[in-house]
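Coordinates as given in structure-v8.txt (compact mmCIF, C-alpha atoms):
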# COMPACT_ATOMS: atom_id res chain seq x y z
CA MET A 16 -20.45 -61.25 0.27
CA THR A 17 -19.63 -58.12 2.25
CA PRO A 18 -22.31 -55.45 2.07
CA SER A 19 -21.09 -52.23 0.54
CA SER A 20 -20.95 -49.05 2.61
CA PRO A 21 -23.52 -46.40 1.82
CA PRO A 22 -22.12 -43.52 -0.24
CA THR A 23 -21.02 -40.53 1.79
CA SER A 24 -22.11 -37.06 0.80
CA THR A 25 -20.02 -33.93 1.21
CA PRO A 26 -21.67 -31.48 3.62
CA THR A 27 -22.96 -28.37 1.91
CA VAL A 28 -20.99 -25.29 2.87
CA THR A 29 -22.97 -22.15 3.59
CA LEU A 30 -21.98 -18.53 3.78
CA PRO A 31 -21.54 -17.05 7.26
CA ALA A 32 -24.35 -14.93 8.62
CA VAL A 33 -23.51 -11.21 8.68
CA ARG A 34 -25.38 -8.33 10.24
CA ALA A 35 -26.54 -5.39 8.19
CA TRP A 36 -24.75 -2.13 8.99
CA VAL A 37 -26.97 0.54 10.50
CA PRO A 38 -25.94 4.00 11.74
CA GLY A 39 -25.99 4.50 15.49
CA PRO A 40 -27.27 7.48 17.47
CA GLY A 41 -23.89 9.23 17.49
CA GLU A 42 -23.66 9.67 13.73
CA ILE A 43 -23.46 13.01 11.94
CA GLN A 44 -25.49 13.00 8.70
CA PRO A 45 -26.41 9.29 8.99
CA GLN A 46 -28.16 9.34 5.60
CA VAL A 47 -24.79 9.97 3.93
CA LYS A 48 -23.35 6.79 5.41
CA ARG A 49 -26.48 4.80 4.52
CA LEU A 50 -26.10 5.80 0.88
CA ALA A 51 -22.38 4.97 0.92
CA VAL A 52 -22.88 1.52 2.42
CA ALA A 53 -25.67 0.75 -0.07
CA ALA A 54 -23.34 1.74 -2.91
CA VAL A 55 -20.62 -0.59 -1.61
CA MET A 56 -23.09 -3.47 -1.32
CA ARG A 57 -24.07 -2.98 -4.97
CA LEU A 58 -20.45 -2.66 -6.06
CA LEU A 59 -19.24 -5.83 -4.34
CA GLN A 60 -22.26 -8.04 -5.02
CA PRO A 61 -21.54 -10.13 -8.15
CA THR A 62 -24.35 -11.25 -10.40
CA ASP A 63 -23.16 -14.82 -10.91
CA THR A 64 -22.39 -16.10 -7.41
CA PRO A 65 -23.72 -15.45 -3.90
CA VAL A 66 -21.53 -13.60 -1.41
CA ALA A 67 -21.88 -12.33 2.15
CA ILE A 68 -20.63 -8.78 2.72
CA ASP A 69 -19.73 -7.86 6.28
CA VAL A 70 -19.41 -4.08 6.65
CA ILE A 71 -16.91 -3.54 9.45
CA ASP A 72 -17.45 0.21 9.72
CA ALA A 73 -18.50 3.28 7.79
CA GLN A 74 -16.16 6.14 8.61
CA TYR A 75 -15.86 9.62 7.25
CA GLY A 76 -12.86 10.40 5.12
CA GLY A 77 -14.35 13.89 5.06
CA ILE A 78 -17.68 15.62 5.59
CA LEU A 79 -18.31 19.15 4.36
CA SER A 80 -21.49 21.11 3.70
CA SER A 81 -22.04 19.72 0.21
CA SER A 82 -19.50 16.91 -0.29
CA ALA A 83 -18.38 13.85 1.61
CA SER A 84 -16.09 10.85 1.56
CA VAL A 85 -17.16 7.71 3.42
CA LEU A 86 -14.62 4.92 3.91
CA VAL A 87 -16.23 1.49 4.09
CA PRO A 88 -13.93 -1.39 5.14
CA CYS A 89 -15.58 -4.76 4.70
CA ARG A 90 -15.02 -8.49 4.55
CA VAL A 91 -16.46 -10.45 1.65
CA TYR A 92 -17.18 -14.17 1.90
CA SER A 93 -17.80 -16.42 -1.07
CA ILE A 94 -17.88 -20.16 -1.77
CA ARG A 95 -15.44 -21.83 -4.11
CA GLU A 96 -15.11 -25.61 -4.52
CA ASN A 97 -17.31 -26.11 -1.47
CA ARG A 98 -15.06 -23.92 0.70
CA VAL A 99 -15.74 -20.52 2.21
CA ILE A 100 -13.25 -17.99 0.87
CA SER A 101 -12.65 -14.80 2.86
CA GLY A 102 -11.53 -11.57 1.22
CA GLY A 103 -12.54 -7.95 1.27
CA THR A 104 -11.57 -4.37 0.60
CA THR A 105 -12.09 -0.77 1.68
CA VAL A 106 -14.07 1.53 -0.60
CA ASP A 107 -13.81 5.32 -0.59
CA VAL A 108 -17.33 6.44 -1.53
CA ARG A 109 -17.71 10.05 -2.71
CA LEU A 110 -20.99 11.90 -2.37
CA SER A 111 -22.31 15.36 -3.15
CA LYS A 112 -25.37 17.32 -2.05
CA SER A 113 -27.62 19.07 -4.53
CA SER A 114 -29.02 22.55 -4.12
CA GLN A 115 -32.26 20.85 -3.04
CA GLY A 116 -30.42 19.18 -0.16
CA THR A 117 -30.37 15.64 -1.56
CA TRP A 118 -27.21 13.57 -1.23
CA ARG A 119 -26.11 11.22 -4.00
CA VAL A 120 -23.15 8.93 -4.64
CA THR A 121 -20.82 10.28 -7.33
CA ALA A 122 -17.93 7.77 -7.30
CA THR A 123 -16.57 4.63 -5.63
CA HIS A 124 -12.85 3.97 -5.22
CA PRO A 125 -11.88 0.48 -3.99
CA ALA A 126 -8.55 0.12 -2.20
CA GLN A 127 -5.44 -0.85 -4.13
CA PRO A 128 -2.99 -2.13 -1.49
CA GLY A 129 -0.39 -3.48 -3.92
CA ALA A 130 1.30 -6.86 -4.12
CA PRO A 131 2.80 -8.52 -1.03
CA ALA A 132 6.43 -7.59 -0.38
CA ALA A 133 9.14 -10.24 -0.63
CA THR A 134 10.23 -9.47 2.94
CA LEU A 135 8.60 -7.66 5.84
CA SER A 136 10.01 -5.79 8.82
CA ALA A 137 9.83 -7.37 12.25
CA ALA A 138 7.27 -4.73 13.25
CA ALA A 139 5.04 -5.62 10.29
CA ARG A 140 5.13 -9.31 11.16
CA LYS A 141 4.30 -8.56 14.79
CA VAL A 142 1.32 -6.37 13.94
CA LEU A 143 -0.10 -8.99 11.59
CA ALA A 144 0.16 -11.58 14.35
CA ASP A 145 -1.04 -9.42 17.26
CA GLU A 146 -4.49 -10.52 18.44
CA GLN A 147 -5.01 -7.14 20.12
CA ILE A 148 -5.02 -5.44 16.70
CA SER A 149 -8.03 -6.09 14.44
CA LEU A 150 -7.23 -5.27 10.81
CA PRO A 151 -9.73 -5.10 7.95
CA PRO A 152 -8.58 -6.92 4.79
CA ALA A 153 -7.28 -3.84 2.96
CA SER A 154 -5.27 -2.68 5.98
CA ALA A 155 -3.72 -6.11 6.45
CA ALA A 156 -2.82 -6.07 2.74
CA ASP A 157 -1.28 -2.62 3.19
CA ILE A 158 1.05 -4.03 5.82
CA ARG A 159 1.86 -7.11 3.73
CA SER A 160 2.75 -4.79 0.84
CA GLY A 161 5.59 -3.33 2.90
CA GLN A 162 4.34 0.22 2.31
CA VAL A 163 3.47 1.07 5.93
CA HIS A 164 6.21 2.82 7.88
CA ASP A 165 7.57 1.17 11.01
CA SER A 166 6.71 4.32 12.99
CA VAL A 167 3.03 3.47 12.43
CA LEU A 168 3.49 -0.22 13.14
CA ASN A 169 5.52 0.32 16.31
CA ALA A 170 2.89 2.77 17.59
CA MET A 171 0.19 0.16 16.99
CA LEU A 172 2.20 -2.41 18.91
CA GLU A 173 2.73 0.02 21.80
CA LEU A 174 -0.97 0.89 21.95
CA ALA A 175 -1.90 -2.80 21.78
CA LYS A 176 -0.11 -3.36 25.10
CA THR A 177 -2.99 -1.48 26.75
CA TYR A 178 -5.89 -1.46 24.27
CA ARG A 179 -7.70 -3.73 21.84
CA ILE A 180 -7.59 -1.74 18.62
CA GLY A 181 -10.13 -1.87 15.82
CA VAL A 182 -8.35 -0.36 12.81
CA SER A 183 -10.52 1.07 10.03
CA VAL A 184 -7.98 2.31 7.47
CA ILE A 185 -4.21 2.59 7.10
CA ARG A 186 -3.03 3.42 3.60
CA SER A 187 -5.20 2.24 0.71
CA GLY A 188 -8.83 3.24 0.42
CA HIS A 189 -8.20 6.68 1.90
CA PRO A 190 -8.39 9.98 -0.04
CA LEU A 191 -5.00 11.05 -1.41
CA ASP A 192 -5.42 14.57 -0.01
CA VAL A 193 -6.90 15.75 3.25
CA PHE A 194 -10.54 16.00 2.20
CA GLY A 195 -11.50 19.41 0.88
CA THR A 196 -7.88 20.57 0.57
CA ASP A 197 -4.86 20.09 -1.69
CA ARG A 198 -2.66 18.95 1.22
CA PRO A 199 -1.39 15.36 0.84
CA SER A 200 -2.76 13.02 3.47
CA ASP A 201 -0.36 10.95 5.58
CA HIS A 202 -2.47 7.83 4.91
CA PRO A 203 -1.54 7.04 1.27
CA ARG A 204 2.13 7.47 2.20
CA GLY A 205 1.80 4.77 4.87
CA ARG A 206 2.25 7.25 7.70
CA ALA A 207 -1.11 7.13 9.48
CA PHE A 208 -3.81 4.83 10.76
CA ASP A 209 -7.37 5.32 11.96
CA THR A 210 -9.04 3.56 14.87
CA TRP A 211 -12.81 3.10 14.84
CA GLN A 212 -13.07 0.86 17.90
CA ILE A 213 -11.25 0.78 21.26
CA ASN A 214 -11.62 -2.18 23.60
CA GLY A 215 -14.70 -3.24 21.64
CA HIS A 216 -16.36 0.18 21.92
CA ALA A 217 -17.05 2.24 18.80
CA VAL A 218 -15.55 5.72 18.93
CA VAL A 219 -18.73 7.15 17.40
CA SER A 220 -21.04 5.66 20.04
CA PRO A 221 -22.35 8.04 22.72
CA ASP A 222 -22.12 5.10 25.14
CA THR A 223 -18.32 4.93 24.79
CA SER A 224 -16.73 6.75 27.69
CA ARG A 225 -14.97 10.01 26.93
CA SER A 226 -12.08 9.01 29.20
CA LEU A 227 -11.42 5.85 27.16
CA ILE A 228 -11.19 7.84 23.93
CA THR A 229 -9.10 10.68 25.35
CA SER A 230 -6.71 8.30 27.09
CA TYR A 231 -6.25 6.51 23.77
CA MET A 232 -5.59 9.82 22.01
CA HIS A 233 -2.98 10.73 24.63
CA ALA A 234 -1.41 7.28 24.27
CA ALA A 235 -1.21 7.70 20.48
CA GLU A 236 0.69 10.97 20.94
CA SER A 237 3.02 9.32 23.46
CA ALA A 238 3.62 6.52 20.93
CA GLY A 239 5.00 9.06 18.45
CA SER A 240 2.06 10.60 16.59
CA TYR A 241 2.48 14.28 15.79
CA ASN A 242 -1.13 14.66 14.61
CA VAL A 243 -3.91 13.05 16.66
CA GLY A 244 -7.51 13.74 15.68
CA GLY A 245 -10.67 12.58 17.38
CA PRO A 246 -14.09 13.57 18.66
CA TYR A 247 -12.66 15.68 21.48
CA GLN A 248 -10.30 18.65 21.32
CA LEU A 249 -7.42 18.04 23.73
CA SER A 250 -4.88 20.53 24.96
CA GLY A 251 -1.63 20.54 22.98
CA THR A 252 -0.41 21.21 19.47
CA ALA A 253 -0.58 17.53 18.47
CA TYR A 254 -4.37 17.34 18.82
CA PHE A 255 -7.29 18.40 16.67
CA SER A 256 -11.00 17.69 16.36
CA ASP A 257 -13.62 18.29 13.68
CA GLN A 258 -16.78 16.71 12.28
CA THR A 259 -14.82 14.28 10.12
CA HIS A 260 -13.11 12.83 13.19
CA HIS A 261 -16.17 12.46 15.40
CA ASP A 262 -16.28 8.76 14.46
CA HIS A 263 -12.63 7.69 14.70
CA VAL A 264 -9.20 8.52 16.10
CA HIS A 265 -6.57 9.48 13.55
CA ALA A 266 -2.86 9.11 14.29
CA GLY A 267 -0.36 10.54 11.81
CA PHE A 268 3.42 10.21 11.77
CA ARG A 269 6.17 12.28 10.17
CA SER A 270 8.17 9.29 8.92
Would you mind writing the file out in structure tokens?
Amino acid sequence: MTPSSPPTSTPTVTLPAVRAWVPGPGEIQPQVKRLAVAAVMRLLQPTDTPVAIDVIDAQYGGILSSSASVLVPCRVYSIRENRVISGGTTVDVRLSKSSQGTWRVTATHPAQPGAPAATLSAAARKVLADEQISLPPASAADIRSGQVHDSVLNAMLELAKTYRIGVSVIRSGHPLDVFGTDRPSDHPRGRAFDTWQINGHAVVSPDTSRSLITSYMHAAESAGSYNVGGPYQLSGTAYFSDQTHHDHVHAGFRS
């Protein structure tokens, strides 16, 4: 009689370890971003199943004296049928400051990228496959929706020949208007993208060399951007700088 084999057990799948987001020394109003990230963690944490939330970045969509928008792109990992499922979104967190000087969260707006398009342009397919371009889930979904202009995608591909690009937001999850104004933003129209990291270095970090950031800003203008914002004011009509853009490089396109 042949002895039976011992029963095999399926290995237990665990969620990946993620690091908590903390503001670095280069941040303006770090308490605003702390509140925004905490709000996103509460929003995306379900009550019935464990998840791991990896905050990729916390970037200003706008920062004024008494109001702010913080854009929080993140990956969310969960377990389904003993498999790790990866998803995520970008949340536009709105905050206001009281007369006593206390900031509070007033609203959260998760990204709505839209359904995947039936067909994609060659530029869209190349960006999605380019290992030099790191896309958060909502930005990748923006491209798959077919709502990002090729001018943006071709600029990304051109920049990726020289730089490793950490994208924070493209279309969804960004305020509809330039924060604090009634001027439509280029982002929701699929005509802009923001970069929070260049060659592995965060734009907001004081340790990131000025020359790396300014060379990237110049390269974005050369790639077709008419409106390049960042932490440094460069010479030329295409460039601008303000507190909102101290933590990322914005590149906008006319079409």
- Please provide as number ranges by chain all residues within 9 Å of Asp72 in chain A, with the sequence filter that same-chain residues fewer than 3 positions apart are discarded (counting all atoms listed in the file). A: 36, 86-89, 183, 211
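Distances from A:Ser114, A:Thr223, A:Thr27, A:Ser154 to Val142 in chain A were compared using only C-alpha atoms, and the smallest one belongs to A:Ser154.
Minimum distance to Phe268 in chain A across A:Asp192, A:Asp201, A:Asp157, A:Asp222 (counting only C-alpha atoms) occurs at A:Asp201.
What separates CA of Arg206 in chain A from CA of Leu191 in chain A is a distance of 12.2 Å.
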Each residue of range 204-225 of chain A lying at most 9 Å from range 175-180 of chain A should get a row with its shortest atom-to-atom pair and the distance in Å to one decimal, counting all atoms listed in the file; could you produce that, ordered by chain and increasing number, as CSV?
residue,atom,partner,partner_atom,distance
A:Thr210,CA,A:Ile180,CA,6.7
A:Trp211,CA,A:Ile180,CA,8.1
A:Gln212,CA,A:Ile180,CA,6.1
A:Ile213,CA,A:Ile180,CA,5.2
A:Asn214,CA,A:Arg179,CA,4.6
A:Gly215,CA,A:Arg179,CA,7.0
- Query: Which polymer residues have any atom within 10 Å of an atom of Val70 in chain A, counting all atoms listed in the file, with same-chain residues fewer than 5 positions away left out, as a ChimeraX atom specification?
  - Reply: /A:33-37,52,55-56,87-91,103-105,151
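Of note, CA of Ser166 in chain A and CA of Lys141 in chain A are spaced 13.2 Å apart.
Between Glu96 in chain A and the candidates A:Pro26, A:Gly239, A:Gly244, A:Gly188, the tightest atom-to-atom separation, counting all atoms listed in the file, involves A:Pro26.
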- Task: For Ala144 in chain A, please output as a ChimeraX atom specification all residues within 12 Å (counting all atoms listed in the file; exclusion window: fewer than 6 positions along the same chain).
- Result: /A:137-138,150,155,158-159,168,172,175
- Find the distance between CA of Ala51 in chain A and CA of Arg204 in chain A and write it in Å to one decimal. 24.7 Å
- Which polymer residues, protein or nucleic acid, are no farther than 12 Å from (3.3, 5.6, 10.2), counting only C-alpha atoms, as a ChimeraX atom specification? /A:138-139,157-158,161-172,185-186,200-209,235,238-242,265-270
Requested file, range 24-67 of chain A restricted to N, CA and C atoms, as an mmCIF file, in the first residue's frame:
data_model
loop_
_atom_site.group_PDB
_atom_site.id
_atom_site.type_symbol
_atom_site.label_atom_id
_atom_site.label_comp_id
_atom_site.auth_asym_id
_atom_site.auth_seq_id
_atom_site.Cartn_x
_atom_site.Cartn_y
_atom_site.Cartn_z
ATOM 1 N N SER A 24 -0.357 22.927 1.929
ATOM 2 C CA SER A 24 -1.101 24.119 2.323
ATOM 3 C C SER A 24 -0.698 25.296 1.440
ATOM 4 N N THR A 25 -1.649 26.128 1.120
ATOM 5 C CA THR A 25 -1.378 27.307 0.304
ATOM 6 C C THR A 25 -0.708 28.365 1.168
ATOM 7 N N PRO A 26 0.444 28.891 0.714
ATOM 8 C CA PRO A 26 1.115 29.927 1.517
ATOM 9 C C PRO A 26 0.196 31.124 1.731
ATOM 10 N N THR A 27 0.266 31.678 2.920
ATOM 11 C CA THR A 27 -0.545 32.849 3.232
ATOM 12 C C THR A 27 0.072 34.090 2.614
ATOM 13 N N VAL A 28 -0.721 34.812 1.863
ATOM 14 C CA VAL A 28 -0.258 36.032 1.209
ATOM 15 C C VAL A 28 -0.387 37.193 2.188
ATOM 16 N N THR A 29 0.619 38.027 2.225
ATOM 17 C CA THR A 29 0.588 39.190 3.111
ATOM 18 C C THR A 29 0.687 40.473 2.301
ATOM 19 N N LEU A 30 0.202 41.534 2.875
ATOM 20 C CA LEU A 30 0.280 42.834 2.224
ATOM 21 C C LEU A 30 1.716 43.342 2.222
ATOM 22 N N PRO A 31 2.117 44.064 1.167
ATOM 23 C CA PRO A 31 3.475 44.613 1.145
ATOM 24 C C PRO A 31 3.653 45.666 2.233
ATOM 25 N N ALA A 32 4.877 45.770 2.708
ATOM 26 C CA ALA A 32 5.192 46.799 3.696
ATOM 27 C C ALA A 32 5.299 48.150 2.991
ATOM 28 N N VAL A 33 4.707 49.172 3.542
ATOM 29 C CA VAL A 33 4.782 50.521 2.981
ATOM 30 C C VAL A 33 5.259 51.464 4.075
ATOM 31 N N ARG A 34 5.962 52.509 3.641
ATOM 32 C CA ARG A 34 6.454 53.491 4.598
ATOM 33 C C ARG A 34 5.440 54.612 4.776
ATOM 34 N N ALA A 35 5.338 55.093 5.984
ATOM 35 C CA ALA A 35 4.450 56.224 6.246
ATOM 36 C C ALA A 35 5.030 57.478 5.611
ATOM 37 N N TRP A 36 4.142 58.306 5.022
ATOM 38 C CA TRP A 36 4.607 59.572 4.439
ATOM 39 C C TRP A 36 4.855 60.586 5.546
ATOM 40 N N VAL A 37 6.003 61.235 5.462
ATOM 41 C CA VAL A 37 6.307 62.320 6.400
ATOM 42 C C VAL A 37 6.851 63.495 5.606
ATOM 43 N N PRO A 38 6.510 64.731 5.979
ATOM 44 C CA PRO A 38 7.033 65.891 5.257
ATOM 45 C C PRO A 38 8.522 66.065 5.501
ATOM 46 N N GLY A 39 9.230 66.473 4.453
ATOM 47 C CA GLY A 39 10.658 66.711 4.575
ATOM 48 C C GLY A 39 10.952 68.153 4.957
ATOM 49 N N PRO A 40 12.241 68.494 5.068
ATOM 50 C CA PRO A 40 12.614 69.834 5.527
ATOM 51 C C PRO A 40 12.318 70.945 4.529
ATOM 52 N N GLY A 41 12.059 70.598 3.268
ATOM 53 C CA GLY A 41 11.806 71.630 2.272
ATOM 54 C C GLY A 41 10.358 72.054 2.145
ATOM 55 N N GLU A 42 9.480 71.499 2.982
ATOM 56 C CA GLU A 42 8.052 71.749 2.818
ATOM 57 C C GLU A 42 7.629 73.137 3.327
ATOM 58 N N ILE A 43 6.685 73.735 2.626
ATOM 59 C CA ILE A 43 5.992 74.931 3.090
ATOM 60 C C ILE A 43 4.700 74.481 3.771
ATOM 61 N N GLN A 44 4.443 74.971 4.967
ATOM 62 C CA GLN A 44 3.244 74.609 5.729
ATOM 63 C C GLN A 44 3.083 73.082 5.829
ATOM 64 N N PRO A 45 4.074 72.387 6.408
ATOM 65 C CA PRO A 45 4.013 70.917 6.450
ATOM 66 C C PRO A 45 2.776 70.377 7.160
ATOM 67 N N GLN A 46 2.234 71.141 8.124
ATOM 68 C CA GLN A 46 1.054 70.645 8.843
ATOM 69 C C GLN A 46 -0.147 70.492 7.919
ATOM 70 N N VAL A 47 -0.199 71.300 6.854
ATOM 71 C CA VAL A 47 -1.301 71.194 5.899
ATOM 72 C C VAL A 47 -1.244 69.846 5.184
ATOM 73 N N LYS A 48 -0.041 69.459 4.776
ATOM 74 C CA LYS A 48 0.103 68.176 4.087
ATOM 75 C C LYS A 48 -0.130 67.003 5.042
ATOM 76 N N ARG A 49 0.299 67.139 6.285
ATOM 77 C CA ARG A 49 0.032 66.064 7.261
ATOM 78 C C ARG A 49 -1.462 65.820 7.400
ATOM 79 N N LEU A 50 -2.233 66.888 7.516
ATOM 80 C CA LEU A 50 -3.683 66.754 7.646
ATOM 81 C C LEU A 50 -4.286 66.123 6.398
ATOM 82 N N ALA A 51 -3.793 66.529 5.229
ATOM 83 C CA ALA A 51 -4.324 65.992 3.971
ATOM 84 C C ALA A 51 -4.052 64.503 3.846
ATOM 85 N N VAL A 52 -2.833 64.097 4.144
ATOM 86 C CA VAL A 52 -2.484 62.669 4.049
ATOM 87 C C VAL A 52 -3.301 61.858 5.050
ATOM 88 N N ALA A 53 -3.474 62.365 6.251
ATOM 89 C CA ALA A 53 -4.283 61.648 7.247
ATOM 90 C C ALA A 53 -5.718 61.489 6.762
ATOM 91 N N ALA A 54 -6.244 62.508 6.090
ATOM 92 C CA ALA A 54 -7.613 62.425 5.569
ATOM 93 C C ALA A 54 -7.718 61.365 4.481
ATOM 94 N N VAL A 55 -6.702 61.276 3.640
ATOM 95 C CA VAL A 55 -6.702 60.264 2.575
ATOM 96 C C VAL A 55 -6.606 58.862 3.174
ATOM 97 N N MET A 56 -5.794 58.678 4.190
ATOM 98 C CA MET A 56 -5.684 57.375 4.834
ATOM 99 C C MET A 56 -7.034 56.937 5.404
ATOM 100 N N ARG A 57 -7.755 57.878 6.008
ATOM 101 C CA ARG A 57 -9.085 57.536 6.544
ATOM 102 C C ARG A 57 -10.063 57.229 5.407
ATOM 103 N N LEU A 58 -9.984 57.992 4.346
ATOM 104 C CA LEU A 58 -10.910 57.820 3.227
ATOM 105 C C LEU A 58 -10.745 56.457 2.551
ATOM 106 N N LEU A 59 -9.497 56.036 2.378
ATOM 107 C CA LEU A 59 -9.222 54.826 1.593
ATOM 108 C C LEU A 59 -9.123 53.560 2.433
ATOM 109 N N GLN A 60 -9.198 53.690 3.742
ATOM 110 C CA GLN A 60 -9.100 52.525 4.616
ATOM 111 C C GLN A 60 -10.483 51.930 4.853
ATOM 112 N N PRO A 61 -10.809 50.795 4.240
ATOM 113 C CA PRO A 61 -12.127 50.184 4.460
ATOM 114 C C PRO A 61 -12.228 49.604 5.860
ATOM 115 N N THR A 62 -13.437 49.382 6.278
ATOM 116 C CA THR A 62 -13.662 48.829 7.625
ATOM 117 C C THR A 62 -13.711 47.314 7.636
ATOM 118 N N ASP A 63 -13.878 46.689 6.455
ATOM 119 C CA ASP A 63 -14.114 45.249 6.446
ATOM 120 C C ASP A 63 -12.931 44.426 5.966
ATOM 121 N N THR A 64 -11.887 45.053 5.452
ATOM 122 C CA THR A 64 -10.752 44.287 4.947
ATOM 123 C C THR A 64 -9.479 45.108 5.095
ATOM 124 N N PRO A 65 -8.359 44.466 5.407
ATOM 125 C CA PRO A 65 -7.106 45.216 5.566
ATOM 126 C C PRO A 65 -6.535 45.645 4.207
ATOM 127 N N VAL A 66 -5.952 46.813 4.174
ATOM 128 C CA VAL A 66 -5.269 47.305 2.981
ATOM 129 C C VAL A 66 -3.960 47.958 3.414
ATOM 130 N N ALA A 67 -3.058 48.106 2.455
ATOM 131 C CA ALA A 67 -1.826 48.869 2.659
ATOM 132 C C ALA A 67 -1.874 50.056 1.708
#
